[in-house]
$ cat my_file.pdb   # PDB, C-alpha atoms and all ligand atoms
ATOM      1  CA  SER Y   1      14.253 -79.901 -54.811
ATOM      2  CA  SER Y   2      16.191 -80.245 -58.024
ATOM      3  CA  VAL Y   3      15.914 -84.061 -57.820
ATOM      4  CA  ALA Y   4      12.103 -83.862 -57.797
ATOM      5  CA  ALA Y   5      12.231 -81.279 -60.587
ATOM      6  CA  PHE Y   6      14.362 -83.581 -62.703
ATOM      7  CA  GLN Y   7      11.940 -86.459 -62.178
ATOM      8  CA  ASP Y   8       9.075 -84.157 -63.172
ATOM      9  CA  LEU Y   9      11.041 -83.095 -66.268
ATOM     10  CA  THR Y  10      11.778 -86.679 -67.232
ATOM     11  CA  ASP Y  11       8.064 -87.495 -66.991
ATOM     12  CA  ASN Y  12       6.758 -84.470 -68.881
ATOM     13  CA  LEU Y  13       9.324 -82.843 -71.152
ATOM     14  CA  PRO Y  14       8.685 -84.995 -74.262
ATOM     15  CA  ASP Y  15       4.945 -84.189 -74.139
ATOM     16  CA  TRP Y  16       5.525 -80.483 -73.571
ATOM     17  CA  VAL Y  17       7.905 -80.297 -76.523
ATOM     18  CA  GLU Y  18       5.422 -82.057 -78.806
ATOM     19  CA  ALA Y  19       2.632 -79.701 -77.701
ATOM     20  CA  TYR Y  20       4.791 -76.573 -78.026
ATOM     21  CA  ARG Y  21       5.782 -77.311 -81.629
ATOM     22  CA  ALA Y  22       2.432 -75.723 -82.488
ATOM     23  CA  TYR Y  23       3.858 -72.304 -81.551
ATOM     24  CA  ALA Y  24       6.146 -72.506 -84.585
ATOM     25  CA  ALA Y  25       3.098 -71.513 -86.645
ATOM     26  CA  GLU Y  26       3.335 -68.030 -85.051
ATOM     27  CA  GLY Y  27       6.861 -67.548 -86.369
ATOM     28  CA  ARG Y  28       9.025 -67.752 -89.477
ATOM     29  CA  VAL Y  29      12.385 -69.282 -90.286
ATOM     30  CA  ALA Y  30      15.011 -66.631 -91.129
ATOM     31  CA  THR Y  31      15.735 -66.366 -94.838
ATOM     32  CA  TYR Y  32      18.089 -63.382 -95.145
ATOM     33  CA  ILE Y  33      20.980 -65.843 -94.817
ATOM     34  CA  PRO Y  34      19.864 -68.131 -97.680
ATOM     35  CA  GLU Y  35      21.328 -71.305 -96.170
ATOM     36  CA  LEU Y  36      19.207 -70.889 -92.998
ATOM     37  CA  ALA Y  37      15.966 -70.935 -95.005
ATOM     38  CA  HIS Y  38      16.104 -74.762 -95.316
ATOM     39  CA  ALA Y  39      15.578 -75.302 -91.567
ATOM     40  CA  PRO Y  40      12.414 -77.244 -90.651
ATOM     41  CA  GLN Y  41       9.754 -74.822 -89.364
ATOM     42  CA  GLN Y  42       8.231 -77.298 -86.869
ATOM     43  CA  ALA Y  43      11.479 -78.458 -85.262
ATOM     44  CA  LEU Y  44      11.812 -78.052 -81.507
ATOM     45  CA  GLY Y  45      14.426 -79.588 -79.262
ATOM     46  CA  ILE Y  46      15.862 -78.988 -75.819
ATOM     47  CA  THR Y  47      18.598 -80.300 -73.539
ATOM     48  CA  LEU Y  48      19.015 -79.448 -69.853
ATOM     49  CA  HIS Y  49      22.324 -80.248 -68.176
ATOM     50  CA  HIS Y  50      22.277 -80.147 -64.372
ATOM     51  CA  LYS Y  51      25.423 -79.615 -62.291
ATOM     52  CA  SER Y  52      24.909 -83.095 -60.783
ATOM     53  CA  GLY Y  53      25.662 -84.471 -64.243
ATOM     54  CA  ALA Y  54      22.038 -85.319 -65.045
ATOM     55  CA  VAL Y  55      21.152 -84.586 -68.679
ATOM     56  CA  ILE Y  56      17.635 -84.538 -70.138
ATOM     57  CA  SER Y  57      16.835 -84.060 -73.819
ATOM     58  CA  ALA Y  58      13.582 -84.036 -75.764
ATOM     59  CA  GLY Y  59      12.277 -83.475 -79.281
ATOM     60  CA  ASP Y  60      14.818 -82.565 -81.964
ATOM     61  CA  ALA Y  61      17.679 -82.007 -79.504
ATOM     62  CA  GLY Y  62      20.049 -83.883 -81.832
ATOM     63  CA  MET Y  63      19.423 -81.547 -84.774
ATOM     64  CA  PRO Y  64      22.566 -79.516 -85.579
ATOM     65  CA  PHE Y  65      22.192 -75.739 -85.873
ATOM     66  CA  THR Y  66      24.564 -72.790 -86.139
ATOM     67  CA  LEU Y  67      25.242 -70.600 -83.127
ATOM     68  CA  GLN Y  68      24.721 -67.277 -84.951
ATOM     69  CA  SER Y  69      24.292 -64.572 -82.304
ATOM     70  CA  ILE Y  70      24.813 -67.031 -79.438
ATOM     71  CA  SER Y  71      28.489 -66.943 -80.469
ATOM     72  CA  LYS Y  72      28.631 -63.286 -79.372
ATOM     73  CA  VAL Y  73      28.593 -64.313 -75.698
ATOM     74  CA  PHE Y  74      31.662 -66.476 -76.210
ATOM     75  CA  THR Y  75      33.638 -64.052 -78.357
ATOM     76  CA  LEU Y  76      32.979 -61.430 -75.682
ATOM     77  CA  LEU Y  77      34.419 -63.808 -73.077
ATOM     78  CA  LEU Y  78      37.421 -64.669 -75.252
ATOM     79  CA  ALA Y  79      38.080 -60.979 -76.022
ATOM     80  CA  LEU Y  80      37.966 -60.211 -72.289
ATOM     81  CA  MET Y  81      40.428 -63.034 -71.651
ATOM     82  CA  ASP Y  82      42.655 -61.885 -74.552
ATOM     83  CA  ARG Y  83      42.615 -58.121 -73.929
ATOM     84  CA  GLY Y  84      41.170 -57.397 -70.488
ATOM     85  CA  GLU Y  85      38.144 -55.421 -69.443
ATOM     86  CA  LYS Y  86      39.533 -51.952 -70.024
ATOM     87  CA  ALA Y  87      40.512 -52.532 -73.655
ATOM     88  CA  VAL Y  88      37.172 -54.181 -74.473
ATOM     89  CA  PHE Y  89      35.023 -51.416 -72.987
ATOM     90  CA  GLU Y  90      37.008 -48.732 -74.758
ATOM     91  CA  LYS Y  91      35.392 -50.178 -77.886
ATOM     92  CA  VAL Y  92      31.854 -51.173 -76.833
ATOM     93  CA  GLY Y  93      29.348 -49.885 -74.305
ATOM     94  CA  MET Y  94      27.288 -51.616 -71.628
ATOM     95  CA  GLU Y  95      23.752 -50.492 -72.436
ATOM     96  CA  PRO Y  96      20.799 -52.136 -74.210
ATOM     97  CA  THR Y  97      19.546 -50.360 -77.328
ATOM     98  CA  GLY Y  98      15.876 -51.355 -77.614
ATOM     99  CA  ASP Y  99      16.514 -51.584 -81.362
ATOM    100  CA  VAL Y 100      16.682 -54.623 -83.644
ATOM    101  CA  PHE Y 101      19.948 -56.589 -83.556
ATOM    102  CA  ASN Y 102      21.399 -55.268 -86.794
ATOM    103  CA  SER Y 103      20.335 -51.642 -86.370
ATOM    104  CA  MET Y 104      22.590 -48.757 -87.376
ATOM    105  CA  LEU Y 105      20.372 -46.186 -85.728
ATOM    106  CA  LYS Y 106      22.395 -45.478 -82.590
ATOM    107  CA  LEU Y 107      25.873 -45.674 -84.083
ATOM    108  CA  GLU Y 108      26.008 -41.912 -84.385
ATOM    109  CA  LEU Y 109      24.468 -41.095 -81.021
ATOM    110  CA  VAL Y 110      27.270 -41.586 -78.513
ATOM    111  CA  GLN Y 111      30.997 -41.001 -78.850
ATOM    112  CA  PRO Y 112      32.119 -41.453 -82.420
ATOM    113  CA  GLY Y 113      30.077 -44.489 -83.364
ATOM    114  CA  LYS Y 114      30.840 -46.712 -80.392
ATOM    115  CA  PRO Y 115      28.307 -49.610 -80.356
ATOM    116  CA  PHE Y 116      26.011 -49.681 -77.317
ATOM    117  CA  ASN Y 117      26.823 -53.261 -76.308
ATOM    118  CA  PRO Y 118      28.683 -56.392 -77.482
ATOM    119  CA  LEU Y 119      25.553 -58.446 -78.280
ATOM    120  CA  ILE Y 120      24.195 -56.283 -81.112
ATOM    121  CA  ASN Y 121      25.842 -56.908 -84.480
ATOM    122  CA  ALA Y 122      27.868 -53.677 -84.493
ATOM    123  CA  GLY Y 123      29.293 -54.452 -81.049
ATOM    124  CA  ALA Y 124      29.937 -58.094 -81.866
ATOM    125  CA  ILE Y 125      31.829 -57.165 -85.036
ATOM    126  CA  VAL Y 126      34.110 -54.908 -82.983
ATOM    127  CA  ILE Y 127      34.570 -57.737 -80.469
ATOM    128  CA  SER Y 128      35.576 -60.127 -83.288
ATOM    129  CA  SER Y 129      38.347 -57.676 -84.199
ATOM    130  CA  LEU Y 130      39.758 -57.995 -80.649
ATOM    131  CA  ILE Y 131      40.233 -61.787 -80.717
ATOM    132  CA  ARG Y 132      43.943 -62.620 -80.851
ATOM    133  CA  GLY Y 133      45.329 -64.568 -83.821
ATOM    134  CA  ASP Y 134      47.546 -64.220 -86.911
ATOM    135  CA  SER Y 135      44.755 -64.502 -89.478
ATOM    136  CA  PRO Y 136      40.945 -64.719 -89.622
ATOM    137  CA  GLU Y 137      41.272 -68.526 -89.854
ATOM    138  CA  HIS Y 138      43.496 -68.623 -86.769
ATOM    139  CA  LYS Y 139      41.144 -66.362 -84.788
ATOM    140  CA  ALA Y 140      38.140 -68.460 -85.802
ATOM    141  CA  GLU Y 141      40.033 -71.627 -84.877
ATOM    142  CA  ARG Y 142      40.668 -70.211 -81.398
ATOM    143  CA  ILE Y 143      36.941 -69.441 -81.033
ATOM    144  CA  VAL Y 144      36.036 -72.989 -82.137
ATOM    145  CA  ARG Y 145      38.511 -74.464 -79.640
ATOM    146  CA  PHE Y 146      37.055 -72.325 -76.838
ATOM    147  CA  ILE Y 147      33.518 -73.491 -77.726
ATOM    148  CA  ARG Y 148      34.677 -77.135 -77.767
ATOM    149  CA  GLU Y 149      36.302 -76.764 -74.375
ATOM    150  CA  LEU Y 150      33.120 -75.335 -72.813
ATOM    151  CA  ALA Y 151      30.936 -77.893 -74.611
ATOM    152  CA  GLY Y 152      33.197 -80.680 -73.338
ATOM    153  CA  ASP Y 153      32.962 -82.060 -76.868
ATOM    154  CA  GLU Y 154      35.125 -81.934 -80.007
ATOM    155  CA  GLY Y 155      31.955 -81.844 -82.149
ATOM    156  CA  PRO Y 156      31.408 -78.121 -82.760
ATOM    157  CA  SER Y 157      32.916 -76.937 -86.071
ATOM    158  CA  ILE Y 158      32.237 -74.361 -88.739
ATOM    159  CA  ASN Y 159      29.448 -75.143 -91.224
ATOM    160  CA  GLU Y 160      31.126 -73.965 -94.434
ATOM    161  CA  HIS Y 161      27.842 -73.633 -96.351
ATOM    162  CA  VAL Y 162      26.328 -71.323 -93.745
ATOM    163  CA  TYR Y 163      29.584 -69.359 -93.467
ATOM    164  CA  ARG Y 164      29.764 -68.783 -97.229
ATOM    165  CA  SER Y 165      26.053 -68.108 -97.514
ATOM    166  CA  GLU Y 166      26.286 -65.310 -94.964
ATOM    167  CA  ALA Y 167      29.592 -63.925 -96.280
ATOM    168  CA  GLU Y 168      28.117 -63.617 -99.782
ATOM    169  CA  THR Y 169      24.967 -61.794 -98.731
ATOM    170  CA  ALA Y 170      25.951 -59.663 -95.717
ATOM    171  CA  ASN Y 171      25.464 -56.185 -97.112
ATOM    172  CA  ARG Y 172      24.060 -54.862 -93.885
ATOM    173  CA  ASN Y 173      26.855 -56.228 -91.675
ATOM    174  CA  ARG Y 174      29.353 -54.885 -94.232
ATOM    175  CA  SER Y 175      27.850 -51.443 -93.971
ATOM    176  CA  LEU Y 176      27.943 -51.601 -90.158
ATOM    177  CA  ALA Y 177      31.604 -52.609 -90.270
ATOM    178  CA  TYR Y 178      32.592 -49.870 -92.731
ATOM    179  CA  PHE Y 179      30.775 -47.355 -90.585
ATOM    180  CA  LEU Y 180      32.707 -48.554 -87.514
ATOM    181  CA  LYS Y 181      35.924 -48.364 -89.493
ATOM    182  CA  ASP Y 182      35.186 -44.832 -90.613
ATOM    183  CA  ASN Y 183      34.545 -43.848 -86.994
ATOM    184  CA  LYS Y 184      37.868 -45.427 -85.962
ATOM    185  CA  VAL Y 185      36.125 -47.770 -83.534
ATOM    186  CA  LEU Y 186      37.299 -50.688 -85.664
ATOM    187  CA  ASP Y 187      41.099 -50.708 -85.832
ATOM    188  CA  GLU Y 188      41.453 -53.862 -87.953
ATOM    189  CA  GLU Y 189      40.553 -54.148 -91.639
ATOM    190  CA  VAL Y 190      36.851 -54.620 -92.435
ATOM    191  CA  GLU Y 191      36.842 -57.809 -94.516
ATOM    192  CA  PRO Y 192      39.165 -59.908 -92.323
ATOM    193  CA  THR Y 193      37.141 -58.835 -89.272
ATOM    194  CA  LEU Y 194      33.856 -59.795 -90.930
ATOM    195  CA  ASP Y 195      35.417 -63.085 -91.953
ATOM    196  CA  VAL Y 196      35.983 -63.931 -88.266
ATOM    197  CA  TYR Y 197      32.433 -62.811 -87.432
ATOM    198  CA  PHE Y 198      30.788 -64.919 -90.184
ATOM    199  CA  ARG Y 199      32.817 -67.980 -89.165
ATOM    200  CA  GLN Y 200      31.942 -67.681 -85.468
ATOM    201  CA  CYS Y 201      28.243 -67.331 -86.391
ATOM    202  CA  ALA Y 202      28.483 -70.514 -88.501
ATOM    203  CA  ILE Y 203      29.826 -72.758 -85.711
ATOM    204  CA  GLU Y 204      27.513 -75.751 -85.699
ATOM    205  CA  VAL Y 205      26.336 -77.251 -82.408
ATOM    206  CA  THR Y 206      23.626 -79.386 -80.828
ATOM    207  CA  CYS Y 207      21.373 -78.630 -77.856
ATOM    208  CA  ALA Y 208      23.509 -80.871 -75.624
ATOM    209  CA  GLN Y 209      26.652 -78.897 -76.471
ATOM    210  CA  VAL Y 210      24.941 -75.564 -75.838
ATOM    211  CA  ALA Y 211      23.488 -76.827 -72.545
ATOM    212  CA  ARG Y 212      26.986 -77.855 -71.396
ATOM    213  CA  MET Y 213      28.333 -74.404 -72.379
ATOM    214  CA  GLY Y 214      25.512 -72.848 -70.355
ATOM    215  CA  LEU Y 215      26.342 -75.045 -67.387
ATOM    216  CA  VAL Y 216      29.890 -73.649 -67.311
ATOM    217  CA  LEU Y 217      28.430 -70.118 -67.167
ATOM    218  CA  ALA Y 218      25.919 -71.244 -64.496
ATOM    219  CA  ASN Y 219      28.946 -72.512 -62.564
ATOM    220  CA  ASP Y 220      30.721 -69.104 -62.764
ATOM    221  CA  GLY Y 221      33.222 -70.269 -65.359
ATOM    222  CA  ALA Y 222      34.533 -73.381 -63.608
ATOM    223  CA  ASP Y 223      34.334 -76.789 -65.247
ATOM    224  CA  PRO Y 224      31.355 -78.313 -63.409
ATOM    225  CA  PHE Y 225      33.053 -81.678 -63.068
ATOM    226  CA  THR Y 226      36.764 -80.971 -62.494
ATOM    227  CA  GLY Y 227      36.406 -77.535 -60.877
ATOM    228  CA  ARG Y 228      39.099 -76.140 -63.180
ATOM    229  CA  GLU Y 229      38.657 -72.451 -64.051
ATOM    230  CA  LEU Y 230      37.846 -72.172 -67.761
ATOM    231  CA  ILE Y 231      36.788 -68.502 -67.637
ATOM    232  CA  PRO Y 232      37.476 -65.960 -64.853
ATOM    233  CA  LYS Y 233      34.371 -65.460 -62.709
ATOM    234  CA  ARG Y 234      34.417 -61.683 -63.220
ATOM    235  CA  TYR Y 235      34.078 -62.121 -67.012
ATOM    236  CA  VAL Y 236      31.273 -64.654 -66.633
ATOM    237  CA  ARG Y 237      29.428 -62.122 -64.473
ATOM    238  CA  ILE Y 238      29.825 -59.519 -67.236
ATOM    239  CA  ALA Y 239      28.551 -61.964 -69.875
ATOM    240  CA  LYS Y 240      25.542 -63.003 -67.776
ATOM    241  CA  SER Y 241      24.666 -59.349 -67.121
ATOM    242  CA  PHE Y 242      24.638 -58.696 -70.877
ATOM    243  CA  MET Y 243      22.542 -61.822 -71.429
ATOM    244  CA  VAL Y 244      19.910 -60.483 -69.025
ATOM    245  CA  THR Y 245      19.871 -56.930 -70.422
ATOM    246  CA  CYS Y 246      20.541 -57.568 -74.141
ATOM    247  CA  GLY Y 247      20.530 -61.337 -74.802
ATOM    248  CA  MET Y 248      17.075 -61.559 -76.381
ATOM    249  CA  TYR Y 249      17.576 -58.415 -78.473
ATOM    250  CA  ASN Y 250      14.781 -55.866 -78.145
ATOM    251  CA  ALA Y 251      12.628 -58.418 -76.299
ATOM    252  CA  SER Y 252      15.080 -58.675 -73.388
ATOM    253  CA  GLY Y 253      12.864 -56.702 -71.003
ATOM    254  CA  GLU Y 254       9.814 -58.842 -71.732
ATOM    255  CA  PHE Y 255      11.905 -62.023 -71.415
ATOM    256  CA  ALA Y 256      13.246 -60.842 -68.030
ATOM    257  CA  ILE Y 257       9.664 -60.443 -66.823
ATOM    258  CA  GLN Y 258       8.273 -63.675 -68.303
ATOM    259  CA  VAL Y 259      11.272 -65.991 -67.795
ATOM    260  CA  GLY Y 260      13.845 -64.132 -65.699
ATOM    261  CA  ILE Y 261      17.101 -65.997 -66.443
ATOM    262  CA  PRO Y 262      20.207 -65.136 -68.499
ATOM    263  CA  ALA Y 263      19.728 -66.199 -72.123
ATOM    264  CA  LYS Y 264      21.037 -65.532 -75.622
ATOM    265  CA  SER Y 265      19.248 -66.306 -78.858
ATOM    266  CA  GLY Y 266      20.475 -66.689 -82.430
ATOM    267  CA  VAL Y 267      18.830 -66.251 -85.798
ATOM    268  CA  ALA Y 268      19.085 -69.992 -86.573
ATOM    269  CA  GLY Y 269      16.559 -70.457 -83.752
ATOM    270  CA  GLY Y 270      18.942 -71.494 -81.003
ATOM    271  CA  ILE Y 271      18.736 -70.313 -77.399
ATOM    272  CA  LEU Y 272      21.419 -70.642 -74.747
ATOM    273  CA  ALA Y 273      20.019 -70.208 -71.234
ATOM    274  CA  LEU Y 274      21.068 -71.021 -67.705
ATOM    275  CA  VAL Y 275      19.804 -71.147 -64.158
ATOM    276  CA  PRO Y 276      22.645 -69.718 -62.046
ATOM    277  CA  GLY Y 277      24.277 -72.310 -59.821
ATOM    278  CA  GLU Y 278      22.042 -75.052 -61.197
ATOM    279  CA  LEU Y 279      21.890 -75.910 -64.872
ATOM    280  CA  GLY Y 280      22.569 -75.058 -68.498
ATOM    281  CA  ILE Y 281      19.945 -75.177 -71.271
ATOM    282  CA  GLY Y 282      20.206 -75.501 -75.054
ATOM    283  CA  ILE Y 283      17.158 -75.069 -77.300
ATOM    284  CA  ILE Y 284      16.548 -75.192 -81.048
ATOM    285  CA  GLY Y 285      13.333 -73.993 -82.695
ATOM    286  CA  PRO Y 286      14.020 -72.373 -86.085
ATOM    287  CA  ALA Y 287      10.743 -70.422 -86.422
ATOM    288  CA  LEU Y 288      11.378 -66.911 -85.065
ATOM    289  CA  ASN Y 289       8.972 -64.378 -83.609
ATOM    290  CA  ASP Y 290       8.912 -60.742 -84.738
ATOM    291  CA  LYS Y 291      11.846 -59.903 -82.424
ATOM    292  CA  GLY Y 292      13.999 -62.653 -83.950
ATOM    293  CA  ASN Y 293      13.797 -65.148 -81.068
ATOM    294  CA  SER Y 294      12.710 -68.796 -81.393
ATOM    295  CA  THR Y 295       8.985 -68.528 -80.800
ATOM    296  CA  ALA Y 296       8.424 -72.071 -79.509
ATOM    297  CA  GLY Y 297      11.702 -71.872 -77.591
ATOM    298  CA  VAL Y 298      10.652 -68.766 -75.667
ATOM    299  CA  HIS Y 299       7.226 -70.268 -74.879
ATOM    300  CA  LEU Y 300       8.905 -73.448 -73.614
ATOM    301  CA  LEU Y 301      11.301 -71.495 -71.388
ATOM    302  CA  ARG Y 302       8.393 -69.551 -69.965
ATOM    303  CA  LEU Y 303       6.577 -72.774 -69.084
ATOM    304  CA  LEU Y 304       9.669 -74.260 -67.399
ATOM    305  CA  SER Y 305      10.514 -71.061 -65.524
ATOM    306  CA  GLU Y 306       6.988 -70.790 -64.115
ATOM    307  CA  ARG Y 307       6.823 -74.474 -63.190
ATOM    308  CA  TYR Y 308      10.213 -74.575 -61.436
ATOM    309  CA  ASP Y 309      10.299 -70.966 -60.209
ATOM    310  CA  TRP Y 310      13.530 -70.164 -62.029
ATOM    311  CA  SER Y 311      13.223 -66.386 -62.196
ATOM    312  CA  MET Y 312      16.168 -64.570 -60.621
ATOM    313  CA  PHE Y 313      13.856 -61.709 -59.762
TER     314      PHE Y 313
HETATM  315  N1  LIG J 401      25.033 -63.998 -88.392
HETATM  316  C1  LIG J 401      23.864 -63.275 -88.019
HETATM  317  C2  LIG J 401      23.912 -61.848 -88.542
HETATM  318  O1  LIG J 401      24.865 -61.159 -88.356
HETATM  319  C3  LIG J 401      23.720 -63.262 -86.542
HETATM  320  C4  LIG J 401      22.548 -62.440 -86.084
HETATM  321  C5  LIG J 401      21.602 -63.157 -85.202
HETATM  322  O2  LIG J 401      21.768 -64.328 -84.839
HETATM  323  N2  LIG J 401      20.589 -62.447 -84.818
HETATM  324  O3  LIG J 401      22.995 -61.390 -89.158
END
$ encode --input "my_file.pdb" --output "structure tokens"
Amino acid sequence: SSVAAFQDLTDNLPDWVEAYRAYAAEGRVATYIPELAHAPQQALGITLHHKSGAVISAGDAGMPFTLQSISKVFTLLLALMDRGEKAVFEKVGMEPTGDVFNSMLKLELVQPGKPFNPLINAGAIVISSLIRGDSPEHKAERIVRFIRELAGDEGPSINEHVYRSEAETANRNRSLAYFLKDNKVLDEEVEPTLDVYFRQCAIEVTCAQVARMGLVLANDGADPFTGRELIPKRYVRIAKSFMVTCGMYNASGEFAIQVGIPAKSGVAGGILALVPGELGIGIIGPALNDKGNSTAGVHLLRLLSERYDWSMF
């Protein structure tokens, strides 16, 4: 039962986290966004938030980190709520790529440059252009407010250092965006669109906030405690499907086999995961494996999934 599982977690999670820090040695902290390079290699933290209200945290769960690619799940949801399904999928596809997250390789393969899915950088940049608002600041503010609502916490806000650090160095994302613009997939101007994208990536959170966001998705978009609909169920289903097929980049297939739950990682080392109908999970472990996922974080999720039989498959 989930009560027994939570007792087992309470007894063991701190020890597991301490032991699993060792996996950080397999990975490396991302440095291509200079501000991310300062993150502590050995850090590992996790929060699980059960629908009963029970919350369990261990390790460095209080350490703030930026959402990075985890934000793509929430901008997809907000774009669907702002524009509807038809308008969104005129601009991005529904298929995994099997390529690294910032690849340009497949942008010339189908249609004129339509990105394969909304969780790779090219797709996420197009999605950022669909968020309603009068200016990049206004659009980013709406994204922050949406994140706060799902986190049930006014804490999440933009880390200006990380935002600037990425904006100043993002040659690859700039080239993706100009390519999309040239192909007329991106209707908005390049720089204001990228400005929204860099800000959403720099939203700073904790494991507890991410776990609460995951719990809303696990609960099909309804606030787990008031029952109020925060996101239409249909859109949550779309987001969870993308998390399973594309959420861990080009390791999504392996993750589906080893862990088997919807998840989304970010280059700061965060992972958002959820057990449908049960609980939300937030993890931070800045050292990344060769696919760009938190190495200790993925190992820890594999342990928990095996122990509690979480796999959806
Ligand atoms: N801001 C990051 C980028 O565009 C997000 C990518 C990631 O988290 N993998 O490079």
$ residues_around --input "my_file.pdb" --residues "region 144-151 of chain Y" --least-positions-apart "5" --cutoff "6 Å" --atoms "only C-alpha atoms" --output "list of chain:residue names"
Y:Gln209, Y:Arg212, Y:Met213
$ write_last_selection --input "my_file.pdb" --atoms "C-alpha atoms" --output "PDB file, in the coordinates of the input"
ATOM      1  CA  GLN Y 209      26.652 -78.897 -76.471  1.00  0.00           C
ATOM      2  CA  ARG Y 212      26.986 -77.855 -71.396  1.00  0.00           C
ATOM      3  CA  MET Y 213      28.333 -74.404 -72.379  1.00  0.00           C
TER       4      MET Y 213
END
$ resolve_selection --input "my_file.pdb" --expression "the PyMOL selection byres (((chain Y and resi 232) around 12) and not hetatm)" --output "list of chain:residue names"
Y:Leu77, Y:Leu78, Y:Leu80, Y:Met81, Y:Asp82, Y:Gly84, Y:Glu85, Y:Val216, Y:Leu217, Y:Asn219, Y:Asp220, Y:Gly221, Y:Ala222, Y:Asp223, Y:Arg228, Y:Glu229, Y:Leu230, Y:Ile231, Y:Lys233, Y:Arg234, Y:Tyr235, Y:Val236, Y:Arg237, Y:Ile238, Y:Ala239
$ residues_near_ligand --input "my_file.pdb" --ligand "ligand LIG 401 (chain J)" --cutoff "6 Å" --atoms "all atoms listed in the file" --output "PDB file with C-alpha atoms, in the frame of the given file"
ATOM      1  CA  GLN Y  68      24.721 -67.277 -84.951  1.00  0.00           C
ATOM      2  CA  SER Y  69      24.292 -64.572 -82.304  1.00  0.00           C
ATOM      3  CA  ASN Y 121      25.842 -56.908 -84.480  1.00  0.00           C
ATOM      4  CA  CYS Y 201      28.243 -67.331 -86.391  1.00  0.00           C
ATOM      5  CA  GLY Y 266      20.475 -66.689 -82.430  1.00  0.00           C
ATOM      6  CA  VAL Y 267      18.830 -66.251 -85.798  1.00  0.00           C
TER       7      VAL Y 267
END
$ residues_around --input "my_file.pdb" --residues "Ala177 (chain Y)" --least-positions-apart "2" --cutoff "7 Å" --atoms "all atoms listed in the file" --output "JSON, numbers by chain"
{"Y": [122, 125, 173, 174, 175, 179, 180, 181, 190]}
$ residues_near_point --input "my_file.pdb" --point "(25.8, -81.6, -61.7)" --cutoff "8 Å" --atoms "all atoms listed in the file" --output "number ranges by chain"
Y: 49-54, 224-225, 278-279
$ residues_around --input "my_file.pdb" --residues "Ile131 (chain Y)" --least-positions-apart "2" --cutoff "8 Å" --atoms "only C-alpha atoms" --output "list in words"
Thr75, Leu78, Ala79, Asp82, Ile127, Ser128, Ser129, Gly133 and Lys139 of chain Y
$ closest_residue --input "my_file.pdb" --among "Y:Ile281, Y:Glu254, Y:Asn159, Y:Ile203" --to "Arg142 (chain Y)" --atoms "all atoms listed in the file"
Y:Ile203
$ closest_residue --input "my_file.pdb" --among "Y:Val92, Y:Cys207, Y:Val298, Y:Met312" --to "Phe116 (chain Y)" --atoms "all atoms listed in the file"
Y:Val92
$ residues_around --input "my_file.pdb" --residues "region 25-29 of chain Y" --least-positions-apart "5" --cutoff "10 Å" --atoms "only C-alpha atoms" --output "PyMOL selection string"
chain Y and resi 36-42+267-269+285-296
$ closest_residue --input "my_file.pdb" --among "Y:Leu176, Y:Ala61, Y:Cys246, Y:Leu76" --to "Leu48 (chain Y)" --atoms "all atoms listed in the file"
Y:Ala61
$ residues_around --input "my_file.pdb" --residues "Lys240 (chain Y)" --least-positions-apart "5" --cutoff "10 Å" --atoms "only C-alpha atoms" --output "VMD selection string"
chain Y and resid 73 217 to 218 220 235 245 to 247 261 to 264 273 to 274 276
$ write_last_selection --input "my_file.pdb" --atoms "C-alpha atoms" --output "CSV table (one decimal), in the frame of the given file"
chain,number,residue,atom,x,y,z
Y,73,VAL,CA,28.6,-64.3,-75.7
Y,217,LEU,CA,28.4,-70.1,-67.2
Y,218,ALA,CA,25.9,-71.2,-64.5
Y,220,ASP,CA,30.7,-69.1,-62.8
Y,235,TYR,CA,34.1,-62.1,-67.0
Y,245,THR,CA,19.9,-56.9,-70.4
Y,246,CYS,CA,20.5,-57.6,-74.1
Y,247,GLY,CA,20.5,-61.3,-74.8
Y,261,ILE,CA,17.1,-66.0,-66.4
Y,262,PRO,CA,20.2,-65.1,-68.5
Y,263,ALA,CA,19.7,-66.2,-72.1
Y,264,LYS,CA,21.0,-65.5,-75.6
Y,273,ALA,CA,20.0,-70.2,-71.2
Y,274,LEU,CA,21.1,-71.0,-67.7
Y,276,PRO,CA,22.6,-69.7,-62.0
$ atom_distance --input "my_file.pdb" --atom1 "CA of Gly277 (chain Y)" --atom2 "CA of Phe6 (chain Y)"
15.3 Å
$ axis_aligned_box --input "my_file.pdb" --around "region 261-275 of chain Y" --padding-each-side "4 Å" --output "lines of an AutoDock Vina configuration file"
center_x = 19.0
center_y = -68.3
center_z = -75.4
size_x = 12.9
size_y = 14.4
size_z = 30.4
$ closest_residue --input "my_file.pdb" --among "Y:Asp195, Y:Asp153, Y:Asp187, Y:Glu166" --to "Val210 (chain Y)" --atoms "all atoms listed in the file"
Y:Asp153
$ resolve_selection --input "my_file.pdb" --expression "the PyMOL selection byres (((chain Y and resi 160) around 12) and not hetatm)" --output "CSV table (one decimal) with C-alpha atoms, in the frame of the given file"
chain,number,residue,atom,x,y,z
Y,35,GLU,CA,21.3,-71.3,-96.2
Y,66,THR,CA,24.6,-72.8,-86.1
Y,157,SER,CA,32.9,-76.9,-86.1
Y,158,ILE,CA,32.2,-74.4,-88.7
Y,159,ASN,CA,29.4,-75.1,-91.2
Y,161,HIS,CA,27.8,-73.6,-96.4
Y,162,VAL,CA,26.3,-71.3,-93.7
Y,163,TYR,CA,29.6,-69.4,-93.5
Y,164,ARG,CA,29.8,-68.8,-97.2
Y,165,SER,CA,26.1,-68.1,-97.5
Y,166,GLU,CA,26.3,-65.3,-95.0
Y,167,ALA,CA,29.6,-63.9,-96.3
Y,195,ASP,CA,35.4,-63.1,-92.0
Y,198,PHE,CA,30.8,-64.9,-90.2
Y,199,ARG,CA,32.8,-68.0,-89.2
Y,200,GLN,CA,31.9,-67.7,-85.5
Y,201,CYS,CA,28.2,-67.3,-86.4
Y,202,ALA,CA,28.5,-70.5,-88.5
Y,203,ILE,CA,29.8,-72.8,-85.7
Y,204,GLU,CA,27.5,-75.8,-85.7
